[in-house]
Structures are given as structure tokens and as C-alpha cells.
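For reference, the structure is listed below as C-alpha cells.
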Amino acid sequence: MSYGGEPVLEGASIVVGEGQFVSLVGPSGSGKSSLLRAVIGLQQPLEGTVEREVAPSEVAILFQDDALLPWKTARDNVALGLTLKGVRRGRALEQADVWLERLGLGSFGHRFPRHLSGGQSKRVALAQVLAREPKLLLMDEPFASLDAIVRTRVIQDVASLVEREHISVLLVTHDLEEAISLSDHIYLLSRGPRAHVTRDYPMPLPRPRDPVRARTHPAFAALYEKIWNDLSHEVDRV
Amino acid sequence: MNPRFAWARQLAAFAVFLSVWQAVGHAGWLNPIYAPTPGQIGAALIELFGSGRIWTHLEATFGAALAGLALGVVAGILLGVLGSLVPFVAELLEPVMTLLNAVPRVVLAPLFVIWFGIGVASKIALSFILVAVLIFFTVFTGIRQVDRKLVERVLTLNGGRWALVRHVYLPSVAAWVLGNLKVAVGFAFTGAVVGEFVAASRGLGYLLSFAQSTFNSALMLALVLLIMVVVLAIFAIAGRLEKHLLRWK
């Protein structure tokens, strides 16, 4: 992976198993976002390959910015995700309603994105990708822009939905608590340029899991401390 | 003072102004050649409509302005899109358009009379050039500023080229053009009236030039008033259209 010359990321061997929730943490500039962009095909790796056992249409991505089309209502935005996949418009709209309802936005379908709060807009973006029934969901700091309470509640919803729908997840985040409470496996990237995977940690917290409860699990503090030390070490390394 | 009744105070002040103007004119303190009274201006207006001779002129100006507006919007969009798609076209068009944008384009009016005659064609041409350059820049710069995040969103939902055009580029272009619609309407009428003023046998601009040559200030002010009302009415229609179509903004 390179960004104007020097490779940002090299030698990242990351495996996301079926139905697994995997997080990538690491200092800024370690190429975490570039990696996700390569997986979804927005960017080509200089060397190496991205191996997916799922079709391109079964991979979905959520960014920090929801990027809903401002001229389409919430409902039409969700339906667009389906029509671009080849679903008939009538059926797509029905499905859009189902998913908006499921995310607690049943009465907001007619609103334009400008008239949605940050949390609502995030839920519409979620409905847009989840309605496509992806097998692999990529998330690039998706919750960073939300305020604390909304953020926790959206995270709870995401966790229970991906668990229920058996979706594999690759999450990029700066937030270690978020990573530990959600993941089955965490990869730590070194500082770029030429970043690589330095460590990886299996997460022993049991499933099914509520990400809020997980924080009070007896193993949580020790995991946090360990990964935090390794991460700080990476950030401080010159 | 209650800001809710600002309109009432404005109206009252205007009424006072008109009354004083009328009174001063009545007392013979104003030269009617320079400053006719409101009453005389009103009479000129009533005469224009009462005799029915205004209709042919209104029709000429509206026809030229709307034709120039429609052609200018279409050409501006086509050239703007073409310029953004084909770099070679952009290289050729950009300097010409920048030049046309830099000069007051109404200076072309006499030239257009020579090229297209004193009929409606020279007025349409002037309206057209005023509108087309405006819309070209709106579209041309707009397409370059399409939100990259929206493009990536549609791409990651497996949208192809056609989906990008339909769901991202077309609505963006439509929004910019609609956002400039009022300015374009103003330009279209400016083109038509100025064109008529230079050389014509019909139209509000022609009447203006007639009023000027006969030193008829009452008629001239009546026409200025009429043009203001006409353009404001069209602004209101364009504004409602914009508000409805851009309700997502």
C-alpha cells in the first residue's frame, strides 16, 4: 500500500474468519484505512493480494462520514443500496422500510439526511449497508463522530445485528475499549511508513456479548492494559 | 419598535414619500420633463395597458428573454459537462469563457444587431450569451467539486458509471443550476431589454428608447416600474421552483 511514493503499509497478513469480529488498531498513518480501501476495491495494493471468499457485492463499508446522498430521503438512500445490487425498486423500498424499522427509524424514512441527527444518520447508513445482507462488513472509524451516549447505543445495535446476521467484521478504530469490547481478535499495526502487523491478540470474552457489559468482564482490564502498553510503545517508537 | 410591523412602517414611509413627491410636483416645484409626479407615471402606465399597445411589447421581451434563457441553460449545461469530460474541450473553452465572463457581455449588443438584424434574433442572442456563460461556469466548476465521498459511497454499493451519473452527478448539476436560476432569469431579461434598447421595433427596451427620444420621463419611469414588477414576479416563480426542487437543502 503506498501513498505518494513510500509504502504506508507492507506485510499486513490479516485474516477475518466467517462470522468473526476483527479489529485493527495502530498509530495514525499506519495505513489502516488504506487496507480497508484495498479490501473493498477503492484502491489497489502495490504488491500482494486481497483474498476474499465473498463476492464484491457481499462486502460493505461504513466510513466515519455517512455520505448519504443529500437529495434522497432516508428511505431512498437505503433502497439505493439494494437497487444498485439489482433488486427491483418496489421490493427495495419494502426492504428499506423493514431495515429502518429494525434500526428504530420507522418514522424517519421520509426525512432528508440534512434533517437527521448524527446518530440517526449513522443508523440510516447502517441500514443502507445491512439491507444488502453483506457477508463482510468493513468499518473505518464509523463511530468517531458521534457523541458518547449515542455512540454507545449505536455500537450496541451494530454488535447485536452483526452477531444475529452472522456477518464478519473488520473494524479500524483508535478506540481500544471499543476494539476490546467488540472483537474476537485484534491486530496491532506498527507505525508507518512501512507499517506491519506487530502483534495480534485473541479476545477471550464470551459470546453472545453486550459491548457495554463486556467492559465490566474480569478479563477486560488486563487485556486493556496489555494492548495499551504495546500500542503506546508503537506510538512512542521513533 | 416591534420588528413584526416593519413592513407597515416601510409602507407608510413610502406613502409619505409619494405624497410629498406628488404635492411638490403639483405645486410646480419640479420640472415635469425631469421628474414627473407619481400621478403622471400612473397615468402613463394606465394608458399603456388601457390602449392595449403594451401587449405586443411585453410579448416580444418575454419571448426573447425566455428563448435566450432556455437556450442558454441548455448550452451552458452541455458545454459545462463536455468541458469536464473532455480535457481538450476544457482547454479550448476555458479561456474564451473566462474572457466572456470578464467583460460586461452587453457590449456585444451592437455587434449582434449587425450579425442578426434588428429582429428578435439579436435579442435572443444577447440573452443567450449572458445566460450560457453563467451556467457554463456553474456546471464546469460544480462538476469538479462533486463530493468525492458521495462518489465513493455509490462505488462501494457496486454502482457503475451510469449509477454515478444518475445518482450523484445529475442531481449535483441540477442543484447548482437551480441555485443560479434567479440570476439567470435576471440576466435573460437584461439581455432582451438591452438588445431592444440598442435597435428594435418592438419590446420594452424599444419603448424605453422611444420614451428617451421623445423626452417622455413619465413613460420611461412607468416602464422601469413595469420591468421591475415583471422580473420580480418571475423571481418569485423561480424562487418557488428552487425551494421545491431543492427542499433537501
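Chain lettering (A, B, ...) mirrors the order of the C-alpha cells, residue numbering begins at 1 for each chain separately, and ligand numbering begins at 1 in order of display.
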
Contacts from chain A to chain B, 6 Å maximum, only C-alpha atoms: show me the residue list as a list in words.
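Within 6 Å of chain B on chain A, we get Ala67, Trp71, Gly81, Leu84 and Phe112 of chain A.
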
Using the chain letters and numbers from this document, which residues of range 19-104 of chain A does DSSP assign to strand (DSSP E), as a PyMOL selection string?
chain A and resi 21-25+59-62

Between B:Leu92, B:Leu100, B:Val146, B:Val131, which has the minimum distance to Tyr169 in chain B (counting only C-alpha atoms)?
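Closest residue, counting only C-alpha atoms: B:Val146.
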
Report as a ChimeraX atom specification all protein, DNA and RNA residues lying within 9 Å of Leu79 in chain B, evaluated on only C-alpha atoms, omitting residues in the same chain fewer than 3 positions from it.
/B:74-76,82-84,89-90,93,132,136,139-140

Put those residues in a file: N, CA, C and O atoms, as a CSV table (one decimal), in the first residue's frame.
```
chain,number,residue,atom,x,y,z
B,74,VAL,N,-29.5,25.3,-21.6
B,74,VAL,CA,-29.2,24.0,-22.3
B,74,VAL,C,-27.7,24.1,-22.8
B,74,VAL,O,-26.9,23.1,-22.5
B,75,ALA,N,-27.3,25.1,-23.5
B,75,ALA,CA,-25.9,25.2,-24.0
B,75,ALA,C,-24.9,25.3,-22.8
B,75,ALA,O,-23.9,24.6,-22.9
B,76,GLY,N,-25.2,26.0,-21.8
B,76,GLY,CA,-24.3,26.1,-20.6
B,76,GLY,C,-24.1,24.7,-20.0
B,76,GLY,O,-23.0,24.4,-19.7
B,82,LEU,N,-19.4,18.8,-21.2
B,82,LEU,CA,-18.4,18.4,-22.2
B,82,LEU,C,-17.0,18.8,-21.7
B,82,LEU,O,-16.1,18.1,-21.8
B,83,GLY,N,-16.9,20.1,-21.2
B,83,GLY,CA,-15.7,20.6,-20.7
B,83,GLY,C,-15.1,19.7,-19.5
B,83,GLY,O,-13.9,19.5,-19.5
B,84,SER,N,-16.0,19.2,-18.7
B,84,SER,CA,-15.5,18.5,-17.6
B,84,SER,C,-15.1,17.0,-18.0
B,84,SER,O,-14.3,16.4,-17.3
B,89,VAL,N,-11.5,19.9,-24.8
B,89,VAL,CA,-12.6,20.9,-24.9
B,89,VAL,C,-12.4,21.9,-23.8
B,89,VAL,O,-12.6,23.1,-24.0
B,90,ALA,N,-12.1,21.5,-22.6
B,90,ALA,CA,-11.9,22.4,-21.5
B,90,ALA,C,-10.8,23.4,-21.8
B,90,ALA,O,-10.9,24.6,-21.6
B,93,LEU,N,-12.3,25.9,-24.3
B,93,LEU,CA,-13.4,26.7,-23.8
B,93,LEU,C,-13.0,27.6,-22.7
B,93,LEU,O,-13.5,28.8,-22.7
B,132,ALA,N,-25.7,31.7,-20.9
B,132,ALA,CA,-24.8,30.5,-21.2
B,132,ALA,C,-23.5,30.5,-20.5
B,132,ALA,O,-23.1,29.5,-19.9
B,136,PHE,N,-22.5,27.8,-17.8
B,136,PHE,CA,-21.2,27.1,-18.1
B,136,PHE,C,-20.3,27.0,-16.8
B,136,PHE,O,-19.9,25.9,-16.4
B,139,VAL,N,-21.8,24.9,-14.0
B,139,VAL,CA,-21.7,23.4,-14.2
B,139,VAL,C,-20.2,23.0,-14.2
B,139,VAL,O,-19.9,22.0,-13.5
B,140,PHE,N,-19.4,23.7,-14.9
B,140,PHE,CA,-18.0,23.3,-15.0
B,140,PHE,C,-17.3,23.3,-13.7
B,140,PHE,O,-16.6,22.3,-13.4
```

I want to know what sits within 10 Å of range 176-187 of chain A, based on only C-alpha atoms, with residues of the same chain fewer than 6 positions away left out; could you give that as a ChimeraX atom specification?
/A:12-17,19-26,143,152,155-156,158-159,169-170,196-207,209-217,220-221,223-225,227-228,231

As an exercise, work out the distance from CA of Leu138 in chain A to CA of Glu234 in chain A in Å and give it to one decimal place.
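Interatomic distance here is 23.9 Å.
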
Min atom-atom distance to Leu208 in chain B from the set B:Val194, B:Ile118, B:Val86, B:Ala102, counting only C-alpha atoms, belongs to B:Val194

Separation of CA of Leu66 in chain B from CA of Val230 in chain B, in Å and rounded to one decimal
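Between these atoms lies a distance of 12.6 Å.
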
DSSP-assigned alpha helix (DSSP H) among range 1-196 of chain A, expressed as a VMD selection string
chain A and resid 32 to 40 74 to 83 89 to 102 118 to 130 148 to 165 176 to 182

Mind giving me the straight-line distance from CA of Gly239 in chain B to CA of Lys182 in chain B in Å, one decimal?
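CA of Lys182 in chain B lies 7.0 Å from CA of Gly239 in chain B.
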
Would you mind listing what lies within 7 Å of Val133 in chain B as a ChimeraX atom specification, with only C-alpha atoms counted and same-chain residues fewer than 3 positions away left out?
/B:76,97,101,129-130,136-137

Would you kindly return, as a list in words, each protein, DNA or RNA residue with an atom no farther than 10 Å from any atom of Arg191 in chain A, considering only C-alpha atoms and excluding same-chain residues fewer than 3 positions away?
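That gives Val8, Leu9, Gly26, Pro27, Ser28, Gly29, Ser30, Gly31, Leu188, Arg194, Ala195, His196, Val197, Thr198, Leu231, His233, Glu234, Val235, Asp236, Arg237 and Val238 of chain A.
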
Which of these residues is nearest to Arg114 in chain A, using only C-alpha atoms: A:Ser232, A:Gln43, A:Thr73, A:Ser160?
A:Thr73

Looking at only C-alpha atoms, which of A:Leu105, A:Ala92, A:Ala131, A:Val172 is the one that sits closest to Ser57 in chain A?
A:Ala131

Would you mind telling me which residue in B:Val103, B:Ala192, B:Ala121, B:Val81 lies nearest to Arg144 in chain B when using only C-alpha atoms?
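Among the listed residues, B:Val81 lies closest to Arg144 in chain B.
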